[in-house]
Amino acid sequence: MAVMRPHGPVVRTVRHDPADRPLLVVWEATRACALSCVHCRAEAQPRRHPRELDTDEATDLMRQVAAFGRPSPIFVITGGDCFERPDLTELVRRGRELGLAVAVSPSGTPRLDRDALRGLQEAGVTALSLSLDGATAQVHDGFRRVAGTFDRTVAAWTAARELGIKVQVNSTVSRRTVHELPDLAALVREHGAMTWSAFMLVPVGRGVDLGALSAQEAEDVMSYLYDLGPHVPVKTTEGHHFRRVALQRAVLEARGVDHVAALGLGDLYAELTERTAAFGWGAAVRPRRPPVNVNAGHGFVFVSHVGTVHPSGFLPVTAGDVREQPLTTTYRTSELFTGLRDPARLQGRCGACEFSRVCGGSRSRGWATSGDPFGEDPLCAYEPGSFPYPQDVEALLAS
């Protein structure tokens, strides 16, 4: 039986060579932040670091990003809380003058108000990334450990949409927050967003003791997120096997095979699905958003507040320093980055997996759990070679 090809790709690849230029450059503008979130990768501090890139050095960094050529990578300014930088609006303006698409990822603090957002809009910001880890103030504020964070974030979300700024909503998926997913999906559907990113916890920083899902629970979550696709523009962060799940689900749908039995989905999937069905959303309202084949060092690069270069903010192995070597050189030629773009370097189940070229596993989670950036991703339950329709997967990838 030949696989029926869906409309459009199931998994997207970037249009340019990811060995030549990244799709995303994320700059940690500061580690200063007024929040004290239980999962914080940066273990944010109340004060700015004296060795942070200053305004001119940050401008030089953006010149280095522009030097990758067209289409330029998307430049994301994050933190900590990027609003702790008094030069944030000026940096956005300079980035736009250099021809970059500049997005910002602030924290839900009192600095995040309508006037600040209007200033960013006037400077030319292209998108705003906001974090919501619970669908109520009780849950979200408990996660962020500062009262009022939920209300400020939702208010900023509303204001940004009214100002015409695109909004991405990020939600950490951990044992503490996974049962919030249906209500968060409903909130995203109600308020509208460019994308909703389910961030699969990496045990680094304060997140070490937060409580990750089991690999089987992660499989349940991935299939649940796939189901949401016709209703919510969902994606994952550090959940690279979502691309494998999307391919499996597309093949099973084309063959008329029950995905619950075929993929061995469990109680968590049943619970999340049942709760979402109660919303009565009905027919699909949007095309499913195909996940993009980007990974640490493979279309993605992270620059720290002091200028060091890493494949990801969750993989703190240093490959270079923008004060000492152009970012283009580090990204294209460093041993760490070139190695991460080679599927043959992957270890364990990731190395043996037939989906490795479109997934590759979380290199950050591999490093966090084994000390090896090429180690297997323990959050993936898939046994290589066990999917019974490999020819159908190849047909989808070739289409």
# chains A, B, ... in the order shown; residues from 1 in each chain; ligands from 1
>>> closest_atom_pairs(of="range 168-232 of chain A", to="range 339-362 of chain A", cutoff="12 Å", atoms="only C-alpha atoms", output="tab-separated table")
residue	atom	partner	partner_atom	distance
A:Phe199	CA	A:Ser362	CA	11.5
A:Met200	CA	A:Ser362	CA	9.6
A:Leu201	CA	A:Ser362	CA	10.4
A:Val202	CA	A:Ser362	CA	8.7
A:Pro203	CA	A:Ser362	CA	11.6
>>> residues_around(residues="Asp17 in chain A", least_positions_apart="4", cutoff="10 Å", atoms="only C-alpha atoms", output="list of chain:residue names")
A:Thr13, A:Arg21, A:Pro22, A:Leu23, A:His298, A:Gly299
>>> residues_around(residues="range 270-272 of chain A", least_positions_apart="3", cutoff="9 Å", atoms="only C-alpha atoms", output="short mmCIF file (atom, residue, chain, number, x, y, z; two decimals) with C-alpha atoms, in the first residue's frame")
data_model
loop_
_atom_site.label_atom_id
_atom_site.label_comp_id
_atom_site.auth_asym_id
_atom_site.auth_seq_id
_atom_site.Cartn_x
_atom_site.Cartn_y
_atom_site.Cartn_z
CA HIS A 179 -1.64 18.53 33.22
CA LEU A 181 -1.57 21.55 28.63
CA PRO A 182 -5.27 21.34 27.67
CA ASP A 220 1.96 10.64 24.99
CA VAL A 221 2.56 14.40 25.04
CA TYR A 224 -1.30 14.89 21.96
CA LEU A 265 0.12 5.48 23.88
CA GLY A 266 -0.85 5.46 27.53
CA ASP A 267 -2.95 6.99 30.28
CA ARG A 275 -10.07 16.87 28.57
CA THR A 276 -9.49 18.63 25.25
CA ALA A 277 -12.43 16.85 23.60
#
>>> select_by_dssp(residues="range 94-240 of chain A", states="strand (DSSP E or B)", output="list in words")
Val102, Ala103, Val104, Ala127, Leu128, Ser129, Leu130, Ser131, Lys166, Val167, Gln168, Val169, Asn170, Ser171, Thr172, Val173, Thr195, Trp196, Ser197, Ala198, Phe199, Met200, Val234, Lys235, Thr236 and Thr237 of chain A
>>> write_last_selection(atoms="C-alpha atoms", output="CSV table (one decimal), in the first residue's frame")
chain,number,residue,atom,x,y,z
A,102,VAL,CA,14.7,41.1,15.7
A,103,ALA,CA,12.5,39.3,18.2
A,104,VAL,CA,12.6,39.8,22.0
A,127,ALA,CA,8.0,39.2,17.3
A,128,LEU,CA,7.6,38.8,21.1
A,129,SER,CA,8.1,35.6,23.0
A,130,LEU,CA,6.2,35.2,26.3
A,131,SER,CA,6.2,32.4,28.8
A,166,LYS,CA,3.5,38.7,16.6
A,167,VAL,CA,3.5,36.6,19.8
A,168,GLN,CA,4.9,33.2,20.5
A,169,VAL,CA,3.9,31.6,23.8
A,170,ASN,CA,6.3,29.2,25.5
A,171,SER,CA,5.2,26.6,28.1
A,172,THR,CA,7.6,24.4,30.0
A,173,VAL,CA,6.4,20.7,30.1
A,195,THR,CA,3.1,29.8,17.7
A,196,TRP,CA,2.7,27.9,20.9
A,197,SER,CA,6.0,26.1,21.9
A,198,ALA,CA,5.9,23.2,24.3
A,199,PHE,CA,9.3,23.2,25.9
A,200,MET,CA,10.4,19.8,27.0
A,234,VAL,CA,1.9,24.1,18.1
A,235,LYS,CA,5.7,23.4,18.0
A,236,THR,CA,8.2,22.0,20.5
A,237,THR,CA,11.5,23.2,21.9
>>> closest_residue(among="A:Glu383, A:Asp151, A:Glu97, A:Glu180", to="Ala137 in chain A", atoms="only C-alpha atoms")
A:Asp151
>>> residues_around(residues="range 138-148 of chain A", least_positions_apart="2", cutoff="9 Å", atoms="only C-alpha atoms", output="ChimeraX atom specification")
/A:34-39,108-110,132-136,150-153,176-177,180
>>> closest_residue(among="A:Ser107, A:Ser312, A:Thr328, A:Ser386", to="Pro373 in chain A", atoms="only C-alpha atoms")
A:Ser312
>>> select_by_dssp(residues="range 47-259 of chain A", states="alpha helix (DSSP H)", output="JSON, numbers by chain")
{"A": [55, 56, 57, 58, 59, 60, 61, 62, 63, 64, 65, 66, 88, 89, 90, 91, 92, 93, 94, 95, 96, 97, 114, 115, 116, 117, 118, 119, 120, 121, 122, 123, 137, 138, 139, 140, 141, 142, 143, 144, 149, 150, 151, 152, 153, 154, 155, 156, 157, 158, 159, 160, 161, 162, 163, 181, 182, 183, 184, 185, 186, 187, 188, 189, 190, 191, 215, 216, 217, 218, 219, 220, 221, 222, 223, 224, 225, 226, 227, 228, 242, 243, 244, 245, 246, 247, 248, 249, 250, 251, 252, 253, 254, 255, 259]}
>>> closest_residue(among="A:Val309, A:Leu91, A:Gly297, A:Val154", to="Ala123 in chain A", atoms="only C-alpha atoms")
A:Leu91
>>> closest_residue(among="A:Ala284, A:Thr369, A:Ile77, A:Asp227", to="His259 in chain A", atoms="only C-alpha atoms")
A:Asp227
>>> atom_distance(atom1="CA of Asp321 in chain A", atom2="CA of Glu90 in chain A")
23.2 Å
>>> closest_residue(among="A:Val301, A:Leu336, A:Ala381, A:Val393", to="Leu252 in chain A", atoms="only C-alpha atoms")
A:Val393
>>> atom_distance(atom1="CA of Arg363 in chain A", atom2="CA of Gly69 in chain A")
26.5 Å
>>> decode(residues="range 192-291 of chain A", atoms="C-alpha atoms", output="short mmCIF file (atom, residue, chain, number, x, y, z; two decimals), in the first residue's frame")
data_model
loop_
_atom_site.label_atom_id
_atom_site.label_comp_id
_atom_site.auth_asym_id
_atom_site.auth_seq_id
_atom_site.Cartn_x
_atom_site.Cartn_y
_atom_site.Cartn_z
CA GLY A 192 -4.36 33.91 19.35
CA ALA A 193 -0.63 33.41 18.80
CA MET A 194 1.86 33.00 15.99
CA THR A 195 3.05 29.77 17.65
CA TRP A 196 2.73 27.90 20.93
CA SER A 197 5.96 26.15 21.87
CA ALA A 198 5.88 23.25 24.32
CA PHE A 199 9.32 23.25 25.90
CA MET A 200 10.38 19.77 26.99
CA LEU A 201 12.39 20.29 30.15
CA VAL A 202 16.18 19.93 30.01
CA PRO A 203 17.65 19.22 33.47
CA VAL A 204 20.08 22.15 33.68
CA GLY A 205 20.23 25.22 35.93
CA ARG A 206 17.38 25.33 38.44
CA GLY A 207 15.49 22.78 36.32
CA VAL A 208 17.67 19.90 37.54
CA ASP A 209 15.25 19.00 40.33
CA LEU A 210 12.00 20.08 38.69
CA GLY A 211 10.90 16.63 37.53
CA ALA A 212 11.02 15.64 33.86
CA LEU A 213 8.48 13.32 32.29
CA SER A 214 9.29 9.69 31.62
CA ALA A 215 10.08 8.77 28.02
CA GLN A 216 6.68 7.08 27.66
CA GLU A 217 4.89 10.14 29.02
CA ALA A 218 6.81 12.27 26.52
CA GLU A 219 5.50 10.03 23.72
CA ASP A 220 1.96 10.64 24.99
CA VAL A 221 2.56 14.40 25.04
CA MET A 222 4.06 14.43 21.52
CA SER A 223 1.05 12.64 20.02
CA TYR A 224 -1.30 14.89 21.96
CA LEU A 225 0.46 17.97 20.57
CA TYR A 226 0.17 16.50 17.08
CA ASP A 227 -3.60 16.17 17.61
CA LEU A 228 -3.78 19.87 18.53
CA GLY A 229 -2.22 20.92 15.21
CA PRO A 230 -5.48 21.68 13.35
CA HIS A 231 -6.60 23.96 16.21
CA VAL A 232 -3.43 25.52 17.68
CA PRO A 233 -0.13 26.45 15.93
CA VAL A 234 1.93 24.14 18.13
CA LYS A 235 5.65 23.38 18.05
CA THR A 236 8.21 21.97 20.47
CA THR A 237 11.49 23.18 21.91
CA GLU A 238 14.05 20.53 22.91
CA GLY A 239 11.47 17.96 21.84
CA HIS A 240 13.07 17.05 18.54
CA HIS A 241 11.38 13.65 18.33
CA PHE A 242 8.14 15.52 17.66
CA ARG A 243 9.34 15.42 14.06
CA ARG A 244 9.55 11.61 14.21
CA VAL A 245 6.08 11.45 15.76
CA ALA A 246 4.67 13.72 13.05
CA LEU A 247 6.01 11.40 10.35
CA GLN A 248 4.70 8.30 12.13
CA ARG A 249 1.28 9.82 12.64
CA ALA A 250 1.03 10.94 9.00
CA VAL A 251 1.85 7.42 7.80
CA LEU A 252 -0.57 5.76 10.21
CA GLU A 253 -3.37 8.15 9.20
CA ALA A 254 -2.76 7.44 5.52
CA ARG A 255 -2.94 3.70 6.19
CA GLY A 256 -5.98 3.95 8.45
CA VAL A 257 -4.08 2.39 11.37
CA ASP A 258 -5.08 3.19 14.97
CA HIS A 259 -2.24 5.32 16.28
CA VAL A 260 -3.01 4.69 19.95
CA ALA A 261 -2.37 0.97 19.62
CA ALA A 262 0.39 1.27 17.02
CA LEU A 263 2.41 3.74 19.10
CA GLY A 264 1.55 2.24 22.50
CA LEU A 265 0.12 5.48 23.88
CA GLY A 266 -0.85 5.46 27.53
CA ASP A 267 -2.95 6.99 30.28
CA LEU A 268 -1.51 10.50 30.00
CA TYR A 269 -2.45 10.69 26.32
CA ALA A 270 -5.96 9.47 27.13
CA GLU A 271 -6.38 12.05 29.90
CA LEU A 272 -5.13 15.03 27.86
CA THR A 273 -7.22 13.97 24.85
CA GLU A 274 -10.40 13.49 26.88
CA ARG A 275 -10.07 16.87 28.57
CA THR A 276 -9.49 18.63 25.25
CA ALA A 277 -12.43 16.85 23.60
CA ALA A 278 -14.68 18.41 26.24
CA PHE A 279 -13.96 21.84 24.69
CA GLY A 280 -15.96 20.79 21.62
CA TRP A 281 -13.69 22.51 19.12
CA GLY A 282 -15.09 20.55 16.19
CA ALA A 283 -13.55 20.64 12.72
CA ALA A 284 -10.04 21.80 11.89
CA VAL A 285 -9.58 25.56 11.67
CA ARG A 286 -6.00 25.75 10.35
CA PRO A 287 -3.41 23.67 8.48
CA ARG A 288 -1.15 21.66 10.77
CA ARG A 289 2.18 23.46 11.36
CA PRO A 290 5.01 21.14 10.21
CA PRO A 291 7.95 21.08 12.65
#
